[in-house]
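Written out below as structure tokens is the structure these notes cover.
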Amino acid sequence: MGFPFDIPVLGLIFQLVAYSVLVVTSNSTIILALATPIALGAMCGMMNERSGVVNIGIEGMMLASAFTGWYVASLVGQAVHADPSFFFGATPAIVIGVLAALLTGLLFSAVHAWLSISVRADQIISGTIINIVAFGVTGYLNILISKHSPETGGKFVPFAPPEALIDIPVVGWIFRMFLQQGPITMSVIVLAIVLQILLLRSRWGLRTRAVGEHPKAAETVGIDVIRLRYRNVILGGLFAGLAGAWFTLDYGNSFQPGMTNGRGFIALAALIFGRWHPIGAVAASLLFASALSLGTAIRTTPPIGDLGSILGSIPEQVFAALPYVVTIVVLAGVVGRSVPPAAVGRPYKRESTA
Amino acid sequence: MSEVEGLPELHVTAPALEMRGITKRYPGVLANDAISLHVRPGEIHALLGENGAGKTTLMNILYGLARPDEGEILLDGKAVHISGPSDAIARGISMVHQHFMLVPVLTVAENILLGDETMANPVFIDRGEANRLIRELGTRFGFEIDPEERVGRLSVGWQQRVEILKALYREARILVLDEPTAVLTPQETKEIFGVLRRLADEGHSIIFISHKLYEVLEIADRITVIRRGRVVGERKPADTNEDDLAALMVGRDVQLVVDRGESHPGEVALTVKDLAVKNDRGREVVHGLSFDVRAGEIFGIAGVAGNGQDELVEAIVGLRRPSGGQILLEGHDVTTMGTREVHQLGLSFVPADRHRFGLVLSFPLTDNLVLTDYFAKPYARGLVRDDRAARERTVEAIEQYDVRTPSPDVTAGTLSGGNQQKLVVAREFDRDLRLLVLDQPTRGLDVGSVEFIHRQAIGKRNAGTAVLLVSAELDEVLELSDRIGVMYRGELVAVVDGRSADREDVGLLMATGGRKGAPPVTAASA
Amino acid sequence: MIASLRKQVLLPAGAVVLALLVGAVALVASSPLVKGYVDLFLPLATYVALVQGSLLSINGLVDTIVNATPLILVGLAVGLGFKAGLFNIGGQGQFLMGAVASAAAGAALSQSSPVIAIPLALLAGMAAGALYGFIPGFLKAFTGAHEVVTTIMLNYVAIYVVAYLITGPLRQAGASFAVSPDVGAARLPAILNVGTGHVGHVGILIPLLVVPAMWWLLYRSTIGFEIRTVGANPDAALYAGMRPRRLVVLALTLGGVLAGLAGAVEILGVSGNMPAAYSTNIGFDAITVALLGRANPVGIVFGGLLLGAMRAGAPLMETVADVPRQMVDVLQGIILFFLAADVVVRRVFRIRAAGVGVDELQTVTRSYGGQTTPP
């Protein structure tokens, strides 16, 4: 295999392709894990935008949920001592922490729903307010709580698939990718498939799509546009809450201010790239997650030869900034071609006064 | 079941629908004033009135979109209270709105099912069963429809059939149609009338809202005329005619057709040669188009909406670059010029959508009046604006063009539709004009404003301006134009003299382009 | 005119008052964490400390004005965006790029004469900010990529650019942590020296020039008319012969210039150098300022002073009342909430005003659908 690698530019391309395959297969597990908050955020975004509401506050919702999940787990963990159970190492602390995170997502979504639907404020400003409030409150509370050096509430333990499965040549890594994960990551694929089917085949899905495209038409056949939007926006908060729980109860077990690091916005790009379909959004999330993990991948499995020296000399900040740059490039390239729900972002005024 | 003259037998049974003494007040307006009407089973009942007379309010009340302040509604003799559209639908009342309430990206089946879905289980829709029912309904009323087709791909006439199917799927007994023929060609109108007749024969009651006198006379069994929120007359078609109805509708002897007098065309002002224009999706929607407009004449372009008129107008005024051909304004080649340059050369434009291209609703009238000239003297010197000059000009214009407003500083959004249009007209008409382009200039306006604008246009023509009129309202084109061009699929298929033009012939040209056996074209399929 | 003036002043003022009330509740609720017991008087102590630390002392006043300067500048950048129908959340990134550019220029010119160094360093900051505003502007105008997401992404990128530069080429040799060299001659001289270490640098005079200039630009010039028209109705702007694309790019680039200038002023006036881990909240702060001022230059001055005061009083609040300075972030969020939910403000204070919400800003979401801006 050495010969093709030695031809000048072409050789570099061969190296790059071979290396990419290596990176993807050996890091696929971490890529799927990193894609989790982005995919869940995209699903939250989908619930909102398919109904006609823009939600850029997903980042704030995630952050706030991550914080409450962690803090509640910490509190419960101090009060109730239990051994990690068989089910992903769950303890009452962790489970209640997840519930708290979900609740936080619901709460913040309710605020966004109220501002966007009833007050009819500008939806992007409403989302921004959620972000600012979330950053401010979590930062404030975190400082206060850190003074007391709280104990962590613990985190989920990833499932350990049988060795025999992982060691299968050529495709073994696929099993590892999907099975050697915490519960939240594992649920992402399932949730995406379920949502996709519901969106396209169920009554809820039909009504949601209609409201997002032409709310007036929906109203004239008797659909309560306002109530549907409220319900979807608030339920969307569950996904953002679950994403927040992933940060502090599945992937890690501590909270840092601002730890979501823009995932909530990348989720929006994933949604657009995935054409507002759950499965498309998950696929897009994998792409962004690959960009996220590239920096560490290059350090843990460095490429050899010329490619290695080239990639090794790139400053680490470039890799850190890569996912954000990729997001910009994706948006610039895709937005014009990807058509959102027609009525997205426009506040709706009920016709009927009856 | 039907007797001669289309009137059902006189029964002693209660009418299918009766609205008694309906009164509805909105802030500052008495929309409905003790309106009473009744409709028998199997009857086509026309509700006639001009824009703003209160017909839509009345039907919104019937459909549960509004609640009456006084009065009651009786179905089959029993008083009912309709709480909302789903309640109305449950009671067998269905409405086909003037602007279709269809979701373009969804299929026919999905649109029909929406809100009243046929379920296979509590969660999932039963598409197979739904498709079967829809096909059946279609055949029963004389047309074949594919339930899996995307509504956005259908022609306007077919979209209307989908709307009617929506009502029938819900087993509507009373069908309300709001201005159903507004976007149809004369041929499609005939076809829809056929469908309505069959529905009436089967016992459905139909309420047909319109402001088109000849259509109402053609299709209705009985006519109720509404003016300013009150019932001013009830007629049977046999006992009345267009003049009588018009007088009732407007309340005075109305000159149905403004006498435009003779035209004295002069030099050629606008030349369009072999023009080709692409639409937003890159498809060529205007090809090989050529025509002239002379000073002192009104050239009207008739055609079903969607045959390239929008793109043609945009190309002429500078909003869109043609992909081929030439446009000459008094000899200058303006093909690739932008709006500002063409405007400077003496072209004025009254757009179809005044809220989009005509006005900035949140700006005061003063800013709106100088929207196209704000950068030039006297309204600005270099970068610095002169607000006083703009204000003076606005005060003059308000006076001259009868714009009803408390002050020139209010925002344009506070004006009524008619006054907004008059403001646009004031801006565009009151300058040294070579060519005036009017695009649907009177859409949605009350009769008074329509008359005013038509007179202004004729006045301009008499003063020697070349006028290009584009309108989907065939009557407007026939009334105003000295010469008429018919657009069909992006080409000018005929140019006829305004005086001798025959309504039927022009309608046929609009629909078929003059080719025998050509598929009738309508909006979305163009 | 009078009615809208009432709306312009009363609604933001009412929002602030309500926010303080809600903030008081939040303070009491969190007092167990702050003090260890429920302290009903914590809000009082907090607010008193804030006022004391910002307005009731010379130090505080100087700090307030020094803080307000960049807030006003970036607030103007955000407000300009709003007027054009755009949401410029990139203030943080544009500020950082302006800061690092001026730090670099200052370091390079630190030995030359202030007459050359200062203007050049300021210009470097403005140029960097302009470039960083141009990018999202260009993308929005020519690809339809919505500026909300692109500017936020660029904010993150800016952090890494700064980190790379200051830990690498721009690093001060021999310093114990990664920081840029001192700007030396490019330092903005003090004009308000009260001798206690709280210094008012000459940069605080910049808003006195910029604010009237912006006001004139928006309301008296043809360019401002074009910008406002594009924001209010891009189709009408197109018909009027304006060029929406150019105006979008102009609004964001000019915003970048302002934010970059703010960054330069902070480095050259306050710190004299820039650490690699420089962190700032100015992006969000500026949004609050712009919304408080309802995108109007004069209102933005007041908004900037208010937020500047809150940031100035925060350290004293921390020492005296034990309340972490992040409380200001919380208060800010609550103020924003009431600005958006102005129905509440109106009902409580019985202000009658037609229209819904922050209506000049209703248009920002309109372009989310990703249509490319017409040329």
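Just so we're on the same page: first chain in the structure tokens is A, next is B, and so on; residues restart at 1 for each chain, and ligands are numbered from 1 in the order they show up.
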Do you have, as CSV, the list of residues of chain B lying at most 7 Å from chain C, each with its nearest atom pair and that distance in Å to one decimal, counting only C-alpha atoms and ordered by chain then number?
residue,atom,partner,partner_atom,distance
B:Leu319,CA,C:Tyr239,CA,6.8
B:Gly338,CA,C:Gly241,CA,7.0
B:Thr339,CA,C:Gly241,CA,5.3
B:Arg340,CA,C:Gly241,CA,4.6
B:Arg356,CA,C:Asp235,CA,5.6
B:Phe357,CA,C:Ala236,CA,4.2
B:Gly358,CA,C:Ala236,CA,6.0
B:Leu359,CA,C:Ala236,CA,6.3
B:Val360,CA,C:Asn233,CA,6.0
B:Leu371,CA,C:Ala240,CA,5.9
B:Thr372,CA,C:Ala240,CA,4.8
B:Phe375,CA,C:Thr222,CA,6.2
B:Leu383,CA,C:Ser221,CA,5.1
B:Val384,CA,C:Ser221,CA,4.7
B:Arg385,CA,C:Ser221,CA,5.5
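Residues in contact with Ile58 of chain C at 9 Å, where only C-alpha atoms are counted and same-chain residues fewer than 5 positions away are skipped, are listed as C:Asp63, C:Val194, C:His198.
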Grab the residues selected above and save them as a CSV table (one decimal), in the first residue's frame with N, CA and C atoms.
chain,number,residue,atom,x,y,z
C,63,ASP,N,-16.2,54.3,36.7
C,63,ASP,CA,-16.4,52.9,36.2
C,63,ASP,C,-17.6,52.8,35.3
C,194,VAL,N,-9.0,60.3,38.9
C,194,VAL,CA,-9.4,60.7,40.2
C,194,VAL,C,-8.4,60.2,41.3
C,198,HIS,N,-9.1,54.3,39.6
C,198,HIS,CA,-10.2,54.2,38.6
C,198,HIS,C,-10.0,55.3,37.6
**OP:** Write out as a ChimeraX atom specification every residue belonging to chain A that has an atom at most 6 Å from any atom of chain C, counting only C-alpha atoms.
**Re:** /A:121-122,124,132-133,136-137,140,317,321,324,328,331-332,335-336,340,345
Selected residues, N, CA and C atoms, written as a tab-separated table (two decimals), in the first residue's frame, please.
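File again-v6.tsv, as written:
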chain	number	residue	atom	x	y	z
A	121	ALA	N	-44.31	37.92	20.34
A	121	ALA	CA	-43.04	38.65	20.24
A	121	ALA	C	-42.21	38.05	19.10
A	122	ASP	N	-41.21	38.77	18.70
A	122	ASP	CA	-40.33	38.23	17.67
A	122	ASP	C	-39.69	36.94	18.19
A	124	ILE	N	-37.16	35.07	17.32
A	124	ILE	CA	-35.71	34.97	17.50
A	124	ILE	C	-35.29	35.71	18.77
A	132	ILE	N	-29.96	33.91	27.08
A	132	ILE	CA	-29.33	34.83	28.03
A	132	ILE	C	-29.74	34.47	29.45
A	133	VAL	N	-31.02	34.21	29.65
A	133	VAL	CA	-31.48	33.85	30.99
A	133	VAL	C	-30.82	32.56	31.45
A	136	GLY	N	-27.19	33.18	32.29
A	136	GLY	CA	-27.06	33.98	33.50
A	136	GLY	C	-27.40	33.19	34.75
A	137	VAL	N	-28.54	32.51	34.72
A	137	VAL	CA	-28.98	31.81	35.92
A	137	VAL	C	-28.05	30.65	36.25
A	140	TYR	N	-24.79	31.99	37.63
A	140	TYR	CA	-24.99	32.50	38.98
A	140	TYR	C	-25.12	31.38	40.00
A	317	GLN	N	-6.11	24.96	17.87
A	317	GLN	CA	-7.30	25.82	17.85
A	317	GLN	C	-8.08	25.68	16.55
A	321	ALA	N	-11.99	24.97	16.37
A	321	ALA	CA	-12.92	25.86	15.67
A	321	ALA	C	-13.61	25.16	14.50
A	324	TYR	N	-17.48	24.74	14.13
A	324	TYR	CA	-18.21	25.98	13.90
A	324	TYR	C	-18.05	26.44	12.47
A	328	ILE	N	-20.96	26.91	9.46
A	328	ILE	CA	-21.15	28.07	8.60
A	328	ILE	C	-21.15	27.64	7.14
A	331	LEU	N	-24.40	25.88	6.26
A	331	LEU	CA	-25.51	26.82	6.14
A	331	LEU	C	-25.43	27.60	4.85
A	332	ALA	N	-24.23	28.08	4.54
A	332	ALA	CA	-24.10	28.90	3.34
A	332	ALA	C	-24.41	28.09	2.10
A	335	VAL	N	-28.67	26.39	2.65
A	335	VAL	CA	-29.88	27.11	3.02
A	335	VAL	C	-30.75	27.45	1.83
A	336	GLY	N	-30.17	27.96	0.78
A	336	GLY	CA	-31.00	28.35	-0.35
A	336	GLY	C	-31.80	27.18	-0.91
A	340	PRO	N	-37.89	25.55	4.22
A	340	PRO	CA	-38.49	25.33	5.52
A	340	PRO	C	-40.00	25.32	5.43
A	345	GLY	N	-41.98	31.07	11.68
A	345	GLY	CA	-41.59	32.39	12.16
A	345	GLY	C	-42.68	33.43	12.15
Original post:
Which chain B residues are at most 10 Å from chain A (counting only C-alpha atoms), as JSON, numbers by chain?
Top reply: {"B": [60, 61, 63, 64, 65, 66, 67, 68, 82, 83, 84, 85, 86, 87, 88, 89, 90, 94, 95, 96, 97, 99, 100, 101, 102, 103, 104, 105, 106, 110, 111, 112, 113, 114, 115, 116, 117, 118, 119, 120, 121, 122, 123, 124, 125, 126, 127, 166, 167]}
Original post:
Got a sec to tell me which of segment 193-428 of chain B DSSP assigns to strand (DSSP E), as an MDAnalysis selection string?
Top reply: chainID B and resid 205:210 222:227 230:235 268:278 284:294 298:302 324:329 332:333 347:350 380:381 384:385
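Considering the residues B:Gly346, B:Gly157, B:Gly42, B:Pro265 and counting only C-alpha atoms, Glu428 of chain B has its shortest atom-to-atom contact with B:Gly346.
Residues with any atom within 9 Å of segment 138-144 of chain B, counting only C-alpha atoms and excluding same-chain neighbours fewer than 2 positions away, are Leu133, Ile134, Arg135, Glu136, Asp146, Arg161, Leu165, Val195, Arg198 and Leu199 of chain B.
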Original post:
If we count only C-alpha atoms, what is near Val170 of chain A at a cut-off of 10 Å, once residues fewer than 4 positions away on the same chain are taken out, given as a ChimeraX atom specification?
Top reply: /A:25,166,174
